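Visitor: What follows is the file run_27.cif, containing mmCIF, C-alpha atoms:
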data_entry
loop_
_atom_site.label_atom_id
_atom_site.label_comp_id
_atom_site.auth_asym_id
_atom_site.auth_seq_id
_atom_site.Cartn_x
_atom_site.Cartn_y
_atom_site.Cartn_z
CA MET A 1 2.73 10.77 55.23
CA ARG A 2 3.56 7.17 54.26
CA LEU A 3 0.57 7.13 51.87
CA LEU A 4 1.72 10.36 50.25
CA ARG A 5 5.26 9.01 49.87
CA THR A 6 3.99 5.74 48.35
CA THR A 7 1.79 7.63 45.89
CA LEU A 8 4.69 9.83 44.86
CA VAL A 9 6.89 6.79 44.26
CA LEU A 10 4.25 5.18 42.07
CA VAL A 11 3.76 8.36 40.05
CA LEU A 12 7.49 8.67 39.50
CA ALA A 13 7.75 5.01 38.54
CA PHE A 14 5.09 5.28 35.86
CA ALA A 15 6.07 8.76 34.66
CA PRO A 16 8.56 7.63 31.96
CA SER A 17 5.99 5.26 30.45
CA LEU A 18 3.26 7.90 30.47
CA PHE A 19 5.64 10.47 29.00
CA ALA A 20 6.65 8.09 26.21
CA GLN A 21 3.03 7.32 25.36
CA THR A 22 2.25 11.05 25.21
CA THR A 23 5.29 12.22 23.25
CA ASN A 24 5.76 9.13 21.06
CA PRO A 25 2.30 7.63 20.59
CA VAL A 26 1.34 4.71 18.39
CA VAL A 27 0.29 6.24 15.04
CA ALA A 28 -0.35 3.07 13.02
CA TYR A 29 -0.53 -0.70 13.09
CA ALA A 30 1.27 -2.74 10.43
CA TYR A 31 0.56 -6.35 9.53
CA ALA A 32 3.03 -8.53 7.63
CA GLY A 33 1.20 -11.34 5.87
CA THR A 34 2.88 -14.68 5.29
CA GLY A 35 2.19 -17.98 3.60
CA SER A 36 2.97 -19.90 6.79
CA ASN A 37 -0.44 -19.42 8.47
CA ARG A 38 0.80 -16.46 10.51
CA ILE A 39 0.31 -12.70 10.48
CA PHE A 40 2.97 -10.61 12.22
CA ALA A 41 1.66 -7.39 13.78
CA TYR A 42 3.55 -4.24 14.79
CA ALA A 43 2.89 -0.92 16.47
CA VAL A 44 4.36 2.05 14.60
CA ARG A 45 5.21 5.03 16.80
CA ALA A 46 5.49 8.69 15.90
CA ASN A 47 9.28 8.53 15.68
CA GLY A 48 9.13 5.57 13.28
CA THR A 49 10.12 2.84 15.70
CA THR A 50 8.27 -0.45 15.27
CA THR A 51 7.61 -3.06 17.96
CA ALA A 52 5.82 -6.39 17.82
CA LEU A 53 2.34 -6.39 19.35
CA PRO A 54 1.56 -8.73 22.25
CA GLY A 55 0.32 -12.02 20.83
CA SER A 56 2.11 -11.55 17.49
CA PRO A 57 2.34 -13.51 15.27
CA PHE A 58 -1.37 -14.25 15.08
CA THR A 59 -2.39 -17.65 13.72
CA GLY A 60 -4.40 -17.85 10.53
CA PRO A 61 -4.08 -17.52 6.75
CA GLY A 62 -2.07 -14.41 5.88
CA ILE A 63 -1.58 -14.46 2.12
CA ARG A 64 -2.21 -11.11 0.34
CA VAL A 65 -3.44 -9.35 3.48
CA VAL A 66 -5.38 -6.10 2.91
CA ASN A 67 -7.27 -3.88 5.34
CA THR A 68 -9.94 -1.35 6.12
CA THR A 69 -9.87 0.61 9.38
CA ASN A 70 -11.24 -2.19 11.54
CA PHE A 71 -10.85 -5.36 9.48
CA LEU A 72 -8.13 -7.32 7.70
CA PHE A 73 -8.68 -9.80 4.89
CA ALA A 74 -6.35 -12.56 3.73
CA THR A 75 -6.51 -15.83 1.81
CA ASP A 76 -5.16 -19.36 1.82
CA PHE A 77 -5.66 -19.48 -1.99
CA THR A 78 -9.16 -20.99 -1.53
CA ASN A 79 -10.89 -19.17 1.31
CA ILE A 80 -10.95 -15.47 2.20
CA ILE A 81 -10.74 -14.86 5.94
CA THR A 82 -11.91 -11.72 7.76
CA TYR A 83 -10.03 -10.62 10.89
CA GLN A 84 -11.33 -7.96 13.24
CA ARG A 85 -8.91 -5.50 14.80
CA SER A 86 -9.17 -4.67 18.49
CA SER A 87 -8.24 -1.31 20.03
CA THR A 88 -4.82 -2.77 20.90
CA GLY A 89 -4.13 -3.82 17.30
CA ALA A 90 -4.64 -7.52 18.04
CA ILE A 91 -6.65 -9.41 15.42
CA HIS A 92 -8.94 -12.44 15.52
CA PRO A 93 -10.87 -14.24 12.75
CA VAL A 94 -14.60 -13.47 12.55
CA ALA A 95 -15.71 -14.81 9.14
CA THR A 96 -14.65 -17.04 6.25
CA ILE A 97 -15.99 -17.36 2.71
CA ASN A 98 -15.01 -19.69 -0.10
CA GLY A 99 -13.28 -17.43 -2.61
CA VAL A 100 -13.53 -19.76 -5.64
CA ALA A 101 -17.03 -21.20 -5.19
CA HIS A 102 -18.50 -19.06 -7.99
CA ASN A 103 -15.80 -19.82 -10.56
CA ASP A 104 -16.55 -21.93 -13.64
CA THR A 105 -13.85 -24.43 -12.60
CA PRO A 106 -13.61 -24.01 -8.80
CA ALA A 107 -11.68 -27.24 -8.24
CA ASP A 108 -8.86 -25.99 -10.47
CA SER A 109 -8.98 -22.33 -9.40
CA GLU A 110 -7.27 -20.33 -6.71
CA VAL A 111 -7.60 -16.89 -5.17
CA GLY A 112 -4.90 -14.50 -6.39
CA PHE A 113 -4.37 -10.93 -5.21
CA LEU A 114 -6.88 -9.17 -2.96
CA THR A 115 -7.72 -5.48 -3.49
CA LEU A 116 -10.13 -3.17 -1.66
CA ASP A 117 -11.69 -0.17 -3.35
CA ARG A 118 -10.89 3.19 -1.80
CA THR A 119 -13.98 3.20 0.44
CA GLY A 120 -13.47 -0.35 1.67
CA ALA A 121 -17.00 -1.26 0.55
CA SER A 122 -15.91 -3.92 -1.95
CA LEU A 123 -13.17 -6.52 -1.95
CA TYR A 124 -11.94 -7.79 -5.32
CA ALA A 125 -10.30 -11.20 -5.48
CA GLY A 126 -8.20 -12.23 -8.42
CA GLU A 127 -9.50 -15.60 -9.65
CA ILE A 128 -6.69 -17.62 -11.19
CA ASN A 129 -7.84 -20.25 -13.72
CA PHE A 130 -11.43 -19.05 -13.29
CA GLN A 131 -12.39 -20.96 -16.43
CA SER A 132 -9.62 -23.46 -17.14
CA THR A 133 -5.92 -22.65 -17.40
CA GLY A 134 -5.07 -19.03 -18.18
CA ASN A 135 -8.66 -17.76 -18.20
CA ASN A 136 -8.65 -15.49 -15.17
CA ALA A 137 -11.14 -13.02 -13.71
CA PHE A 138 -11.97 -10.87 -10.69
CA ALA A 139 -14.70 -11.63 -8.17
CA GLU A 140 -16.40 -8.84 -6.25
CA PHE A 141 -17.41 -9.33 -2.63
CA ALA A 142 -19.38 -6.74 -0.64
CA LYS A 143 -18.10 -6.05 2.88
CA GLN A 144 -20.82 -6.17 5.54
CA SER A 145 -20.80 -4.06 8.71
CA ASN A 146 -19.50 -7.02 10.73
CA GLY A 147 -16.64 -7.58 8.29
CA SER A 148 -18.10 -10.65 6.61
CA LEU A 149 -18.14 -10.82 2.81
CA GLN A 150 -20.99 -11.52 0.41
CA PHE A 151 -20.36 -12.55 -3.19
CA ARG A 152 -21.74 -10.10 -5.76
CA ALA A 153 -20.40 -10.71 -9.27
CA ASN A 154 -17.58 -11.92 -11.51
CA THR A 155 -15.94 -9.97 -14.31
CA PRO A 156 -15.52 -11.43 -17.80
CA ILE A 157 -12.44 -13.63 -18.19
CA ASN A 158 -9.07 -12.38 -19.39
CA VAL A 159 -5.62 -13.94 -19.35
CA ASN A 160 -4.14 -10.83 -17.69
CA ASP A 161 -6.64 -10.63 -14.81
CA GLY A 162 -6.03 -11.94 -11.31
CA GLY A 163 -3.31 -9.56 -10.10
CA PRO A 164 -3.58 -6.43 -7.95
CA LEU A 165 -5.90 -3.58 -8.94
CA VAL A 166 -5.25 0.14 -8.42
CA PHE A 167 -8.19 2.53 -7.97
CA SER A 168 -8.37 6.15 -9.06
CA THR A 169 -8.88 8.80 -6.38
CA ASN A 170 -12.56 9.20 -7.23
CA ASN A 171 -12.99 5.40 -6.99
CA ALA A 172 -14.62 5.33 -10.44
CA PHE A 173 -11.83 3.47 -12.27
CA ALA A 174 -9.60 0.48 -11.55
CA TYR A 175 -6.42 -0.42 -13.44
CA GLY A 176 -4.25 -3.48 -13.72
CA THR A 177 -1.27 -4.63 -15.77
CA GLY A 178 -0.31 -7.75 -17.66
CA CYS A 179 2.31 -9.00 -20.08
CA THR A 180 1.24 -12.35 -21.48
CA MET A 181 3.58 -13.51 -24.26
CA ALA A 182 5.62 -10.32 -23.68
CA THR A 183 2.67 -8.22 -24.87
CA TRP A 184 2.23 -4.88 -23.09
CA THR A 185 -1.19 -4.52 -21.42
CA ILE A 186 -2.68 -1.91 -19.09
CA PHE A 187 -6.40 -2.62 -18.69
CA GLY A 188 -9.19 -0.70 -16.99
CA PHE A 189 -12.54 -1.22 -15.29
CA PHE A 190 -15.40 1.14 -14.62
CA ARG A 191 -16.57 0.72 -11.01
CA ALA A 192 -20.33 1.14 -10.59
CA PRO A 193 -21.79 2.52 -7.31
CA ASN A 194 -22.71 -1.05 -6.31
CA GLY A 195 -19.09 -2.16 -6.84
CA THR A 196 -19.54 -4.01 -10.12
CA LEU A 197 -16.56 -3.83 -12.50
CA THR A 198 -17.03 -3.37 -16.25
CA PRO A 199 -13.97 -3.62 -18.54
CA PHE A 200 -12.94 -0.71 -20.75
CA ASP A 201 -9.93 0.19 -22.87
CA PRO A 202 -7.90 3.02 -21.27
CA GLY A 203 -6.21 3.79 -24.60
CA THR A 204 -2.70 3.46 -25.98
CA THR A 205 -0.36 3.31 -23.01
CA ILE A 206 2.87 1.72 -24.22
CA PRO A 207 5.91 4.02 -23.86
CA PRO A 208 7.92 4.87 -26.99
CA THR A 209 10.10 1.98 -28.09
CA THR A 210 11.84 0.83 -31.24
CA THR A 211 12.69 -2.86 -31.24
CA VAL A 212 12.69 -3.69 -27.52
CA ASP A 213 9.65 -5.39 -25.98
CA LEU A 214 8.41 -3.83 -22.75
CA CYS A 215 6.38 -5.30 -19.87
CA PRO A 216 4.42 -3.26 -17.28
CA GLY A 217 4.51 -4.27 -13.61
CA ALA A 218 3.70 -2.58 -10.32
CA ALA A 219 1.32 0.39 -10.40
CA ALA A 220 0.30 3.13 -7.94
CA SER A 221 -2.40 5.80 -7.97
CA SER A 222 -1.77 9.38 -6.82
CA SER A 223 -4.52 11.43 -5.17
CA ARG A 224 -3.53 14.17 -7.65
CA GLY A 225 -5.06 12.19 -10.51
CA TYR A 226 -2.07 10.30 -11.89
CA LEU A 227 -1.14 6.65 -12.31
CA ALA A 228 2.48 5.49 -12.00
CA VAL A 229 3.46 2.24 -13.74
CA ALA A 230 6.83 0.52 -13.42
CA TYR A 231 7.96 -1.31 -16.54
CA SER A 232 10.99 -3.19 -17.80
CA THR A 233 12.62 -4.29 -21.01
CA VAL A 234 12.18 -7.96 -21.88
CA ALA A 235 15.81 -9.01 -21.60
CA ALA A 236 18.16 -11.23 -19.64
CA VAL A 237 19.15 -8.12 -17.67
CA PRO A 238 16.01 -5.95 -17.67
CA VAL A 239 16.13 -2.17 -17.46
CA TRP A 240 13.41 -0.68 -15.24
CA SER A 241 11.65 2.64 -15.77
CA ILE A 242 8.55 4.41 -14.41
CA ALA A 243 5.85 5.97 -16.58
CA ILE A 244 3.39 8.60 -15.29
CA TYR A 245 -0.10 8.76 -16.79
CA GLN A 246 -2.80 11.36 -16.28
CA ILE A 247 -6.22 9.86 -15.53
CA SER A 248 -8.89 11.67 -17.54
CA SER A 249 -12.50 12.22 -16.48
CA SER A 250 -13.46 9.28 -18.73
CA GLY A 251 -10.84 6.97 -17.24
CA SER A 252 -8.56 6.99 -20.27
CA LEU A 253 -4.83 7.28 -19.63
CA ARG A 254 -2.50 9.82 -21.19
CA ARG A 255 1.22 9.25 -20.74
CA VAL A 256 2.90 12.48 -19.62
CA SER A 257 6.42 11.40 -18.65
CA THR A 258 8.80 8.45 -18.44
CA HIS A 259 11.83 8.08 -16.19
CA SER A 260 14.71 5.64 -16.08
CA THR A 261 15.72 4.14 -12.73
CA THR A 262 18.70 2.32 -11.24
CA PHE A 263 16.50 -0.51 -9.96
CA PRO A 264 17.38 -3.98 -11.26
CA SER A 265 13.82 -4.96 -10.27
CA ILE A 266 10.67 -3.20 -9.00
CA SER A 267 8.02 -5.17 -7.12
CA SER A 268 5.83 -2.60 -5.37
CA MET A 269 5.02 1.12 -5.50
CA ARG A 270 2.76 3.28 -3.35
CA PHE A 271 1.99 7.00 -3.14
CA ASP A 272 1.58 8.69 0.25
CA GLN A 273 -1.78 10.25 1.16
CA THR A 274 -0.80 13.63 -0.35
CA GLY A 275 -0.10 12.04 -3.73
CA ASN A 276 3.24 13.85 -3.86
CA PHE A 277 5.70 11.15 -2.78
CA LEU A 278 6.14 7.71 -4.31
CA ALA A 279 7.79 4.85 -2.44
CA VAL A 280 9.38 2.33 -4.80
CA GLY A 281 10.45 -1.09 -3.57
CA GLY A 282 12.32 -3.85 -5.36
CA LYS A 283 16.01 -4.55 -5.07
CA GLY A 284 16.31 -1.76 -2.50
CA ILE A 285 13.90 1.05 -1.72
CA ALA A 286 13.77 4.74 -2.72
CA ILE A 287 11.49 7.79 -2.64
CA TYR A 288 10.45 9.90 -5.64
CA ARG A 289 8.63 13.22 -5.73
CA LEU A 290 5.81 13.80 -8.21
CA ASN A 291 6.48 17.31 -9.52
CA SER A 292 3.91 19.88 -10.63
CA ASN A 293 4.54 19.01 -14.30
CA ALA A 294 3.98 15.27 -13.65
CA THR A 295 7.65 14.36 -13.90
CA ILE A 296 9.23 12.51 -10.99
CA THR A 297 12.49 13.22 -9.18
CA LYS A 298 14.36 10.69 -7.04
CA LEU A 299 14.95 12.36 -3.68
CA SER A 300 17.38 9.85 -2.22
CA GLY A 301 19.43 7.00 -3.56
CA ARG A 302 18.29 3.40 -3.17
CA ILE A 303 19.00 2.08 0.31
CA ASP A 304 19.07 -1.51 1.60
CA THR A 305 20.03 -2.60 -1.90
CA SER A 306 20.74 -6.15 -0.74
CA VAL A 307 17.05 -6.63 0.16
CA ASN A 308 14.33 -7.69 -2.29
CA PHE A 309 11.28 -5.78 -1.08
CA ASN A 310 7.99 -7.30 -2.18
CA SER A 311 5.63 -4.75 -0.61
CA VAL A 312 5.67 -1.10 0.50
CA ALA A 313 3.00 1.01 2.22
CA TRP A 314 2.67 4.38 3.99
CA ASP A 315 1.03 5.46 7.21
CA HIS A 316 -0.09 9.09 7.64
CA ASN A 317 3.05 10.19 9.49
CA SER A 318 5.72 9.96 6.77
CA HIS A 319 6.64 6.38 7.55
CA VAL A 320 7.09 3.66 4.95
CA LEU A 321 6.51 0.09 6.11
CA ALA A 322 7.85 -2.69 3.93
CA THR A 323 8.37 -6.42 3.72
CA SER A 324 10.73 -8.80 2.03
CA SER A 325 9.97 -12.51 1.93
CA SER A 326 11.71 -12.90 5.29
CA ALA A 327 11.51 -9.62 7.26
CA PHE A 328 9.48 -6.52 8.12
CA TYR A 329 11.07 -3.04 7.95
CA GLY A 330 10.21 0.45 9.15
CA PHE A 331 11.49 3.66 7.53
CA ASN A 332 11.27 7.38 8.20
CA VAL A 333 10.86 9.76 5.27
CA ARG A 334 11.99 13.32 6.01
CA LEU A 335 12.10 15.89 3.21
CA GLY A 336 11.99 12.97 0.81
CA VAL A 337 15.05 11.25 2.29
CA ILE A 338 14.36 7.71 3.48
CA SER A 339 16.21 6.10 6.39
CA GLN A 340 15.68 2.79 8.12
CA VAL A 341 14.59 2.97 11.76
CA GLY A 342 16.03 0.23 13.95
CA SER A 343 16.57 -3.34 12.88
CA SER A 344 14.30 -5.41 10.70
CA HIS A 345 11.94 -7.97 12.25
CA PRO A 346 12.20 -11.58 11.02
CA ILE A 347 8.91 -13.05 9.71
CA GLY A 348 10.09 -16.46 8.55
CA SER A 349 10.66 -17.21 4.89
CA SER A 350 7.23 -16.78 3.27
CA GLY A 351 6.32 -13.11 3.68
CA THR A 352 3.83 -11.89 1.09
CA ASN A 353 3.01 -8.23 1.78
CA VAL A 354 2.29 -5.55 4.36
CA ALA A 355 -1.01 -3.87 5.29
CA VAL A 356 -1.07 -0.65 7.32
CA ILE A 357 -3.84 0.88 9.45
CA PRO A 358 -3.10 4.56 10.19
CA LEU A 359 -4.49 5.81 13.50
CA HIS A 360 -3.55 9.50 13.18
#
Do you think you could lay out the structure here as structure tokens?
Guide:
Amino acid sequence: MRLLRTTLVLVLAFAPSLFAQTTNPVVAYAYAGTGSNRIFAYAVRANGTTTALPGSPFTGPGIRVVNTTNFLFATDFTNIITYQRSSTGAIHPVATINGVAHNDTPADSEVGFLTLDRTGASLYAGEINFQSTGNNAFAEFAKQSNGSLQFRANTPINVNDGGPLVFSTNNAFAYGTGCTMATWTIFGFFRAPNGTLTPFDPGTTIPPTTTVDLCPGAAASSSRGYLAVAYSTVAAVPVWSIAIYQISSSGSLRRVSTHSTTFPSISSMRFDQTGNFLAVGGKGIAIYRLNSNATITKLSGRIDTSVNFNSVAWDHNSHVLATSSSAFYGFNVRLGVISQVGSSHPIGSSGTNVAVIPLH
């Protein structure tokens, strides 16, 4: 009888925890990269709550962190480090490669943004000052099964290269933006099956303007075959808008709509997995819907307008995870309306971006 009573007590004691794990499971892991040699890691639950993982923050370079399902990659501006993810979400370094060794002027170069193609087979590193000041490029590294990287090739040099790339849904095209000397530039690359990038001109992309110079910024690719590009006027107080382009079968871009915003700045944009909802982060954060006619509609006003968000990402459960330079945030998106869940998590003062690994 005593054994039965003890067993019953133990079952009752653990029941709340088991119930919580069943009804509110972990649906994603989020990693906030920083420039302070730390990566902060969080579990994202079905209801949108976020909690720090045991062992977080993890020590190691965390600049421009990006991820596949089982690996994370980050840089210290010279090296690119591979971290392996455990079943608990914890990460540990497993490989390092010099990210500037194949540049023409490696001593004067640095690794810029990191981008993975949609399959996670290739990692592209922006190479700043690849060949002296202002001559930038992209380096392609092939991801091996153990997460290590092997150098494959460099692109030709261009002053606008080195930033983030955005890949089309079919993984055949990559796009980037630049605005050297206030000159509008959206450039494109063909991606070969082996991952090699070849530059091409995606066509005339500049929105209609009269006498005001415009600069493109953050971009995002929809699974429905569209590219969103945030852009601003070149002025002391810039005005920010979003242009939507249709991606043709050849990779060329055709502008189909433009939309003004109330953002005083836009730093990051990302579509959800359906391609229907666009999270926009800058001074505040908001959600837009991509309509059937390729226009966009803002579904809720900007919230947290005192925060400068530098990175936004989605999981597969209608959650947006975001970072500022000093904190990590979790948001629920329900019927297009975004709301913050709980308090933000401090990450120091050198946060760079967020990477998300959906589990469900």
Visitor: Atom CA of A:Asn170 and atom CA of A:Ser257, how far apart in Å?
Guide: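 About the pair atom CA of A:Ser257 and atom CA of A:Asn170: they are 22.3 Å apart.
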Visitor: Go ahead and compute the interatomic distance for atom CA of A:Pro216 and atom CA of A:Ala313, in Å to one decimal.
Guide: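 For atom CA of A:Pro216 relative to atom CA of A:Ala313, the distance reads 20.0 Å.
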Visitor: Pick out the residues sitting within 9 Å of A:Lys283, and hand them over as a list of chain:residue names; count only C-alpha atoms, and ignore anything fewer than 2 positions along from it in its own chain.
Guide: A:Phe263, A:Pro264, A:Ser265, A:Ile266, A:Ser267, A:Gly281, A:Ile285, A:Arg302, A:Asp304, A:Thr305, A:Ser306, A:Val307, A:Asn308, A:Phe309, A:Asn310
Visitor: Could you please determine the separation between atom CA of A:Ser250 and atom CA of A:Gly275 in Å, to one decimal place?
Guide: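 Atom-to-atom, atom CA of A:Ser250 to atom CA of A:Gly275, that is 20.3 Å.
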Visitor: Out of A:Gly176, A:Gly217, A:Pro207, A:Gly35, which residue has the shortest atom-to-atom distance to A:Ser349 when counting all atoms listed in the file?
Guide: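 Looking only at the distances to A:Ser349, the closest residue turns out to be A:Gly35.
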Visitor: Excluding stretch 107-110 of chain A and residues on its chain fewer than 2 positions from it, collect all residues at most 9 Å away from it, counting only C-alpha atoms, and give them as a compact mmCIF listing (two decimals) with C-alpha atoms, keeping the file's coordinate frame.
Guide:
# COMPACT_ATOMS: atom_id res chain seq x y z
CA ASP A 76 -5.16 -19.36 1.82
CA PHE A 77 -5.66 -19.48 -1.99
CA THR A 78 -9.16 -20.99 -1.53
CA ASN A 79 -10.89 -19.17 1.31
CA GLY A 99 -13.28 -17.43 -2.61
CA VAL A 100 -13.53 -19.76 -5.64
CA ALA A 101 -17.03 -21.20 -5.19
CA ASN A 103 -15.80 -19.82 -10.56
CA ASP A 104 -16.55 -21.93 -13.64
CA THR A 105 -13.85 -24.43 -12.60
CA GLY A 112 -4.90 -14.50 -6.39
CA GLY A 126 -8.20 -12.23 -8.42
CA GLU A 127 -9.50 -15.60 -9.65
CA ILE A 128 -6.69 -17.62 -11.19
CA ASN A 129 -7.84 -20.25 -13.72
CA PHE A 130 -11.43 -19.05 -13.29
CA GLN A 131 -12.39 -20.96 -16.43
CA SER A 132 -9.62 -23.46 -17.14
CA THR A 133 -5.92 -22.65 -17.40
CA ASN A 136 -8.65 -15.49 -15.17
Visitor: For stretch 21-32 of chain A, work out the shell of residues within 7 Å, counting only C-alpha atoms and skipping chain neighbours fewer than 4 positions away, then give it as a VMD selection string.
Guide: chain A and resid 17 39 to 47 89 315 323 328 351 353 to 360
Visitor: Care to translate the PyMOL selection byres ((chain A and resi 336) around 12) into actual residues of this file, as a PDB file with C-alpha atoms, keeping the file's coordinate frame?
Guide:
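Heads up, here's the output in selection_22.pdb:
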ATOM      1  CA  ASP A 272       1.580   8.690   0.250  1.00  0.00           C
ATOM      2  CA  ASN A 276       3.240  13.850  -3.860  1.00  0.00           C
ATOM      3  CA  PHE A 277       5.700  11.150  -2.780  1.00  0.00           C
ATOM      4  CA  LEU A 278       6.140   7.710  -4.310  1.00  0.00           C
ATOM      5  CA  ALA A 279       7.790   4.850  -2.440  1.00  0.00           C
ATOM      6  CA  ALA A 286      13.770   4.740  -2.720  1.00  0.00           C
ATOM      7  CA  ILE A 287      11.490   7.790  -2.640  1.00  0.00           C
ATOM      8  CA  TYR A 288      10.450   9.900  -5.640  1.00  0.00           C
ATOM      9  CA  ARG A 289       8.630  13.220  -5.730  1.00  0.00           C
ATOM     10  CA  LEU A 290       5.810  13.800  -8.210  1.00  0.00           C
ATOM     11  CA  THR A 297      12.490  13.220  -9.180  1.00  0.00           C
ATOM     12  CA  LYS A 298      14.360  10.690  -7.040  1.00  0.00           C
ATOM     13  CA  LEU A 299      14.950  12.360  -3.680  1.00  0.00           C
ATOM     14  CA  SER A 300      17.380   9.850  -2.220  1.00  0.00           C
ATOM     15  CA  GLY A 301      19.430   7.000  -3.560  1.00  0.00           C
ATOM     16  CA  SER A 318       5.720   9.960   6.770  1.00  0.00           C
ATOM     17  CA  HIS A 319       6.640   6.380   7.550  1.00  0.00           C
ATOM     18  CA  VAL A 320       7.090   3.660   4.950  1.00  0.00           C
ATOM     19  CA  PHE A 331      11.490   3.660   7.530  1.00  0.00           C
ATOM     20  CA  ASN A 332      11.270   7.380   8.200  1.00  0.00           C
ATOM     21  CA  VAL A 333      10.860   9.760   5.270  1.00  0.00           C
ATOM     22  CA  ARG A 334      11.990  13.320   6.010  1.00  0.00           C
ATOM     23  CA  LEU A 335      12.100  15.890   3.210  1.00  0.00           C
ATOM     24  CA  VAL A 337      15.050  11.250   2.290  1.00  0.00           C
ATOM     25  CA  ILE A 338      14.360   7.710   3.480  1.00  0.00           C
ATOM     26  CA  SER A 339      16.210   6.100   6.390  1.00  0.00           C
TER      27      SER A 339
END
Visitor: On this structure, which residues satisfy the PyMOL selection byres ((chain A and resi 37) around 8), written as a list in words?
Guide: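 Applying the expression gives Thr34, Gly35, Ser36, Arg38, Ile39, Thr59, Gly60, Pro61 and Gly62 of chain A.
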Visitor: Would you translate the PyMOL selection byres ((chain A and resi 171-175) around 7) into the concrete set of residues it matches in this file, as a list in words?
Guide: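 Selected by the PyMOL selection byres ((chain A and resi 171-175) around 7) here: Asp117, Arg118, Leu165, Val166, Phe167, Ser168, Thr169, Asn170, Gly176, Ile186, Phe187, Gly188, Phe189, Phe190, Arg191 and Gly251 of chain A.
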Visitor: As AutoDock Vina command-line options, please report the centre and edge lengths, rounded to one decimal in Å, of the axis-aligned box that holds all listed atoms of stretch 220-229 of chain A with 4 Å of padding on each of the six sides.
Guide:
--center_x -0.8 --center_y 8.2 --center_z -9.5 --size_x 16.5 --size_y 19.9 --size_z 16.6
Visitor: For each of A:Asn70, A:Thr177, A:Thr82, A:Gln246, take the minimum atom-to-atom distance to A:Ser148, counting all atoms listed in the file, then give the residue where this is smallest.
Guide: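 The answer is A:Thr82, which sits nearest to A:Ser148.
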Visitor: Within 7 Å of (9.5, -4.3, 11.5), in the coordinates the file gives, what residues turn up when you count only C-alpha atoms, written out as a PyMOL selection string?
Guide: chain A and resi 42+50-51+328-330+344-345
Visitor: Would you pick out the contacts of A:Trp184 at 7 Å or less, using all atoms listed in the file, so that residues sharing its chain but fewer than 6 positions from it are not included, and give the list as a count of residues only?
Guide: 5
Visitor: Calculated over only C-alpha atoms, which of the candidates A:Gly163, A:Gly195, A:Pro208, A:Gly282 has the smallest distance to A:Ala230?
Guide: A:Gly282
Visitor: Excluding A:Pro156 and residues on its chain fewer than 2 positions from it, collect all residues at most 10 Å away from it, counting only C-alpha atoms, and give them as an MDAnalysis selection string.
Guide: chainID A and resid 130 135:139 153:154 158 161 197:199
Visitor: When distances are computed from only C-alpha atoms, which of A:Gly203, A:Ala218, A:Thr155, A:Tyr231 shows the smallest separation from A:Val312?
Guide: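 Smallest distance to A:Val312 is found for A:Ala218.
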